[in-house]
Structure formats: structure tokens, C-alpha cells
>>> print(open('structure_29.tsv').read())   # TSV, C-alpha atoms
chain	number	residue	atom	x	y	z
A	29	MET	CA	4.95	20.55	-19.70
A	30	ASP	CA	8.33	18.97	-20.38
A	31	ALA	CA	7.94	15.22	-20.83
A	32	MET	CA	9.67	12.83	-18.44
A	33	THR	CA	12.83	11.40	-19.89
A	34	TRP	CA	14.45	8.02	-19.48
A	35	GLN	CA	17.14	9.79	-17.44
A	36	ASP	CA	14.48	11.24	-15.10
A	37	LEU	CA	13.09	7.75	-14.46
A	38	GLN	CA	16.57	6.34	-13.85
A	39	GLU	CA	17.37	9.14	-11.40
A	40	ILE	CA	14.10	8.61	-9.50
A	41	GLN	CA	14.73	4.86	-9.29
A	42	ASP	CA	18.26	5.52	-8.06
A	43	LEU	CA	16.87	7.93	-5.45
A	44	LYS	CA	14.54	5.21	-4.14
A	45	ALA	CA	17.39	2.69	-4.10
A	46	GLN	CA	19.40	5.18	-2.03
A	47	TYR	CA	16.43	5.55	0.33
A	48	PHE	CA	16.33	1.81	1.05
A	49	TYR	CA	20.11	1.49	1.27
A	50	TRP	CA	20.64	4.41	3.64
A	51	MET	CA	17.69	3.40	5.84
A	52	ASP	CA	18.74	-0.24	6.20
A	53	ASN	CA	22.34	0.78	6.91
A	54	LYS	CA	21.29	3.52	9.36
A	55	ARG	CA	23.04	6.35	7.52
A	56	TRP	CA	20.64	9.01	8.75
A	57	ASP	CA	22.42	12.10	7.32
A	58	ALA	CA	22.51	10.51	3.87
A	59	LEU	CA	18.87	9.40	4.18
A	60	ARG	CA	17.74	12.93	5.00
A	61	ARG	CA	19.18	14.17	1.70
A	62	VAL	CA	16.72	12.13	-0.41
A	63	PHE	CA	13.86	14.42	0.73
A	64	THR	CA	12.83	17.96	-0.07
A	65	ASP	CA	12.89	20.34	2.90
A	66	ASP	CA	9.08	20.48	2.90
A	67	ALA	CA	8.51	16.72	2.45
A	68	ARG	CA	5.34	15.24	3.97
A	69	PHE	CA	4.84	11.72	5.35
A	70	GLU	CA	1.87	9.45	6.13
A	71	GLY	CA	1.36	5.90	7.34
A	72	PHE	CA	4.41	5.42	9.56
A	73	PRO	CA	4.27	4.02	13.12
A	74	PHE	CA	5.55	7.23	14.70
A	75	GLU	CA	4.50	10.87	14.65
A	76	MET	CA	6.48	13.32	12.55
A	77	ASP	CA	6.44	16.85	11.22
A	78	GLY	CA	8.74	17.25	8.23
A	79	PRO	CA	11.80	15.36	7.01
A	80	ASP	CA	14.13	16.14	9.92
A	81	ASP	CA	11.53	14.92	12.40
A	82	TRP	CA	10.77	11.88	10.21
A	83	VAL	CA	14.44	10.83	10.06
A	84	GLU	CA	14.74	11.35	13.84
A	85	GLY	CA	11.60	9.26	14.43
A	86	LEU	CA	12.85	6.50	12.14
A	87	SER	CA	16.30	6.43	13.72
A	88	SER	CA	14.69	6.17	17.16
A	89	PHE	CA	12.30	3.42	16.03
A	90	PHE	CA	15.17	1.55	14.33
A	91	THR	CA	17.39	1.55	17.44
A	92	GLY	CA	18.10	-2.14	18.00
A	93	VAL	CA	16.37	-3.11	14.75
A	94	THR	CA	17.91	-4.92	11.80
A	95	SER	CA	15.98	-4.15	8.63
A	96	GLN	CA	15.88	-5.16	5.01
A	97	HIS	CA	13.55	-3.36	2.61
A	98	ARG	CA	12.69	-4.11	-1.00
A	99	GLY	CA	10.92	-1.90	-3.51
A	100	THR	CA	9.84	-3.46	-6.79
A	101	ASN	CA	7.54	-2.93	-9.78
A	102	PRO	CA	7.56	0.87	-9.80
A	103	ARG	CA	4.96	2.77	-11.79
A	104	PHE	CA	5.35	6.47	-12.57
A	105	GLN	CA	3.11	9.26	-13.81
A	106	GLN	CA	4.15	12.80	-14.53
A	107	VAL	CA	1.71	15.25	-12.93
A	108	ALA	CA	3.45	18.54	-13.80
A	109	ALA	CA	6.77	19.78	-15.11
A	110	GLY	CA	9.38	18.54	-12.63
A	111	GLN	CA	6.79	16.60	-10.60
A	112	VAL	CA	6.23	12.83	-10.79
A	113	ARG	CA	4.09	10.42	-8.77
A	114	GLY	CA	5.17	6.85	-8.19
A	115	VAL	CA	3.96	3.64	-6.59
A	116	TRP	CA	6.35	0.90	-5.44
A	117	SER	CA	5.42	-2.58	-4.21
A	118	MET	CA	7.34	-3.10	-1.00
A	119	THR	CA	8.31	-5.75	1.48
A	120	ASP	CA	10.23	-5.29	4.67
A	121	HIS	CA	11.77	-7.64	7.20
A	122	LEU	CA	12.46	-6.13	10.61
A	123	THR	CA	13.96	-7.95	13.60
A	124	TRP	CA	14.82	-6.94	17.16
A	125	GLU	CA	15.45	-8.55	20.52
A	126	PRO	CA	12.26	-10.27	21.72
A	127	GLY	CA	10.17	-8.08	23.97
A	128	THR	CA	11.98	-4.80	23.17
A	129	LYS	CA	9.51	-3.36	20.62
A	130	VAL	CA	5.77	-3.02	20.27
A	131	TYR	CA	4.58	-2.39	16.72
A	132	ARG	CA	1.62	-0.05	16.25
A	133	GLY	CA	0.46	-0.51	19.83
A	134	ILE	CA	-0.15	-4.25	19.56
A	135	GLU	CA	1.91	-6.15	22.12
A	136	ILE	CA	2.55	-9.78	21.17
A	137	PRO	CA	4.46	-11.96	23.65
A	138	GLY	CA	7.71	-13.25	22.14
A	139	MET	CA	7.52	-10.95	19.11
A	140	TYR	CA	10.96	-10.32	17.67
A	141	GLY	CA	10.12	-8.70	14.34
A	142	LEU	CA	7.83	-8.68	11.36
A	143	TYR	CA	7.47	-9.24	7.67
A	144	GLY	CA	5.49	-6.43	6.06
A	145	TYR	CA	3.93	-6.10	2.64
A	146	GLY	CA	2.42	-3.06	0.98
A	147	TYR	CA	3.15	-0.04	-1.16
A	148	TYR	CA	4.99	3.23	-1.10
A	149	GLU	CA	2.97	6.01	-2.73
A	150	GLU	CA	5.29	8.92	-3.43
A	151	GLU	CA	5.68	12.23	-5.15
A	152	TYR	CA	9.04	13.36	-6.52
A	153	ARG	CA	10.13	16.89	-7.32
A	154	ARG	CA	13.06	17.99	-9.45
A	155	THR	CA	15.22	20.41	-7.43
A	156	GLU	CA	18.54	22.13	-8.07
A	157	ALA	CA	20.16	19.16	-6.32
A	158	GLY	CA	18.27	16.62	-8.50
A	159	TRP	CA	15.12	14.57	-7.90
A	160	ARG	CA	13.92	14.42	-4.28
A	161	ILE	CA	11.00	12.79	-2.48
A	162	ALA	CA	8.41	15.46	-1.60
A	163	PHE	CA	5.66	13.14	-0.31
A	164	MET	CA	5.78	9.56	1.00
A	165	ARG	CA	2.89	7.36	2.17
A	166	LEU	CA	3.52	3.85	3.48
A	167	THR	CA	0.53	1.56	3.04
A	168	ARG	CA	0.27	-1.97	4.34
A	169	VAL	CA	-1.73	-4.90	2.98
A	170	ARG	CA	-0.30	-7.47	5.37
A	171	ILE	CA	1.89	-7.64	8.48
A	172	ASP	CA	3.16	-11.00	9.70
A	173	PRO	CA	4.59	-10.80	13.23
A	174	LEU	CA	7.63	-12.96	13.97
A	175	VAL	CA	7.24	-14.71	17.32
A	176	ASP	CA	8.69	-17.44	19.52
A	177	ARG	CA	12.25	-17.59	18.25
A	178	LYS	CA	14.23	-19.96	20.43
A	179	GLY	CA	17.58	-18.42	21.31
A	180	PRO	CA	19.49	-15.65	19.57
A	181	ALA	CA	19.74	-15.47	15.80
A	182	PRO	CA	22.96	-17.04	14.52
A	183	GLU	CA	25.81	-14.71	13.59
A	184	TYR	CA	26.89	-15.79	10.11
A	185	ASP	CA	30.34	-14.86	8.84
A	186	VAL	CA	29.22	-12.96	5.74
A	187	PRO	CA	30.44	-9.78	4.04
A	188	ARG	CA	28.74	-6.57	5.16
A	189	PRO	CA	27.70	-3.82	2.73
A	190	THR	CA	30.42	-1.51	1.46
A	191	LEU	CA	28.60	1.75	2.09
A	192	ASP	CA	30.65	3.81	-0.37
A	193	TRP	CA	30.78	1.18	-3.14
A	194	ILE	CA	28.81	3.47	-5.50
A	195	GLY	CA	29.21	7.15	-4.74
A	196	GLY	CA	30.00	8.14	-1.20
A	197	VAL	CA	27.77	9.99	1.20
>>> encode(input="structure_29.tsv", output="C-alpha cells")
Amino acid sequence: MDAMTWQDLQEIQDLKAQYFYWMDNKRWDALRRVFTDDARFEGFPFEMDGPDDWVEGLSSFFTGVTSQHRGTNPRFQQVAAGQVRGVWSMTDHLTWEPGTKVYRGIEIPGMYGLYGYGYYEEEYRRTEAGWRIAFMRLTRVRIDPLVDRKGPAPEYDVPRPTLDWIGGV
């Protein structure tokens, strides 16, 4: 088995950074490209069968949602040549208009979002196009619902992400 290289680890970390960036900025075509064609998914709040269906489910769920995801403290283990498993600590902050979403079937009056904490358990495969995510499981250790916001969130005059700052889509 060929040993993982520093470059392999850098490419996998960059792949995961792309995943978060494309998801939070709702660039669905770009997000789809981080997965293998036979990728499998577990632990998400919508049903899916394969990466196309997963991206469609996520884009539907994220309609009207502002999100910010963080992945930190990755750990990696090579399981075969061209195959690596990883675990990332994760946090996410999702917001939406009060009363427009129900998360995992639990309706909470005045809920306008959540803070979530958990892990991504993933498997990466080296393909002709580079490293891709072949399996992704979202686990949760805590979900804090956001409720009872008075009035709309303020609109701050801040710069927005430059989506092609590093390598275009």
C-alpha cells in the first residue's frame, strides 16, 4: 500500500474546505463535484440516494437558510491505497425566518435556527480528478435551537465572500 503523503492530506483538507465553502454559499454544482459518483450519506435530516439526490435535498432544505459551518481538528487514517478515513469536529449555525422550518420533526414555536455540534465521519477516495468524498456521516452531540428572536436580524454592511478568490468553479 502506498503511504499517504503530506500532499494527500493537504488535498483532502482542501476538499473539505471546499465542501463547507460551496455549501454555505449555495454553489450546488461546485458542491456536487467534491463527491464520488457512488458516494453514500448518513445522518442528514432528509432522505437521499446518492450524491445528486443529496445535493438536491440539501439545496431544498437550505432554501431560505443562512448557514455557516466549521470543521476543525481533523484526524486521518489510511485504510487502503487511495482510500483514507477522516473525522472532523464540526459546528454549524443555521438561521431562517421564524416558523418556516421544522428541524428533524420537532416543531418549536418561534424557532429561527440552530447551533449544532458534532462530527463528520468520512471516507475519501483518490480518483482521476483528485481526492473525493465517497462516504459522509453527520453525527450530532448537541443541537441548540434558536428561539424567540424579536424582529428581523440586522443587515450589516459587510463584505460578502468572493466566490472565485481561490480557484473558480
>>> residues_near_point(input="structure_29.tsv", point="(16.9, 5.1, 12.4)", cutoff="10 Å", atoms="all atoms listed in the file", output="list of chain:residue names")
A:Trp50, A:Met51, A:Asp52, A:Asn53, A:Lys54, A:Arg55, A:Trp56, A:Leu59, A:Trp82, A:Val83, A:Glu84, A:Gly85, A:Leu86, A:Ser87, A:Ser88, A:Phe89, A:Phe90, A:Thr91, A:Gly92, A:Val93
>>> residues_around(input="structure_29.tsv", residues="Glu150 of chain A", least_positions_apart="3", cutoff="6 Å", atoms="all atoms listed in the file", output="VMD selection string")
chain A and resid 113 to 114 163 to 164
>>> closest_residue(input="structure_29.tsv", among="A:Ala45, A:Leu166, A:Ala58, A:Val112", to="Gly146 of chain A", atoms="all atoms listed in the file")
A:Leu166
>>> closest_residue(input="structure_29.tsv", among="A:Asp80, A:Asp65, A:Glu70, A:Asp120", to="Ala157 of chain A", atoms="all atoms listed in the file")
A:Asp65
>>> closest_residue(input="structure_29.tsv", among="A:Arg160, A:Arg154, A:Arg168, A:Arg132", to="Glu75 of chain A", atoms="all atoms listed in the file")
A:Arg132
>>> atom_distance(input="structure_29.tsv", atom1="atom CA of Ala162 of chain A", atom2="atom CA of Asp42 of chain A")
15.4 Å
>>> residues_around(input="structure_29.tsv", residues="Val130 of chain A", least_positions_apart="3", cutoff="12 Å", atoms="all atoms listed in the file", output="ChimeraX atom specification")
/A:73-74,89,93,123-127,133-142,173-174
>>> residues_around(input="structure_29.tsv", residues="Gly78 of chain A", least_positions_apart="4", cutoff="7 Å", atoms="all atoms listed in the file", output="list of chain:residue names")
A:Asp66, A:Ala67, A:Arg68, A:Trp82
>>> residues_near_point(input="structure_29.tsv", point="(2.5, -1.7, 7.1)", cutoff="8 Å", atoms="only C-alpha atoms", output="tab-separated table (two decimals) with C-alpha atoms, keeping the file's coordinate frame")
chain	number	residue	atom	x	y	z
A	71	GLY	CA	1.36	5.90	7.34
A	72	PHE	CA	4.41	5.42	9.56
A	144	GLY	CA	5.49	-6.43	6.06
A	145	TYR	CA	3.93	-6.10	2.64
A	146	GLY	CA	2.42	-3.06	0.98
A	166	LEU	CA	3.52	3.85	3.48
A	167	THR	CA	0.53	1.56	3.04
A	168	ARG	CA	0.27	-1.97	4.34
A	169	VAL	CA	-1.73	-4.90	2.98
A	170	ARG	CA	-0.30	-7.47	5.37
A	171	ILE	CA	1.89	-7.64	8.48
>>> atom_distance(input="structure_29.tsv", atom1="atom CA of Phe69 of chain A", atom2="atom CA of Tyr147 of chain A")
13.5 Å
>>> residues_around(input="structure_29.tsv", residues="Gln41 of chain A", least_positions_apart="3", cutoff="10 Å", atoms="only C-alpha atoms", output="PDB file with C-alpha atoms, in the coordinates of the input")
ATOM      1  CA  GLN A  35      17.140   9.790 -17.440  1.00  0.00           C
ATOM      2  CA  ASP A  36      14.480  11.240 -15.100  1.00  0.00           C
ATOM      3  CA  LEU A  37      13.090   7.750 -14.460  1.00  0.00           C
ATOM      4  CA  GLN A  38      16.570   6.340 -13.850  1.00  0.00           C
ATOM      5  CA  LYS A  44      14.540   5.210  -4.140  1.00  0.00           C
ATOM      6  CA  ALA A  45      17.390   2.690  -4.100  1.00  0.00           C
ATOM      7  CA  GLN A  46      19.400   5.180  -2.030  1.00  0.00           C
ATOM      8  CA  TYR A  47      16.430   5.550   0.330  1.00  0.00           C
ATOM      9  CA  GLY A  99      10.920  -1.900  -3.510  1.00  0.00           C
ATOM     10  CA  THR A 100       9.840  -3.460  -6.790  1.00  0.00           C
ATOM     11  CA  PRO A 102       7.560   0.870  -9.800  1.00  0.00           C
ATOM     12  CA  GLY A 114       5.170   6.850  -8.190  1.00  0.00           C
ATOM     13  CA  TRP A 159      15.120  14.570  -7.900  1.00  0.00           C
TER      14      TRP A 159
END
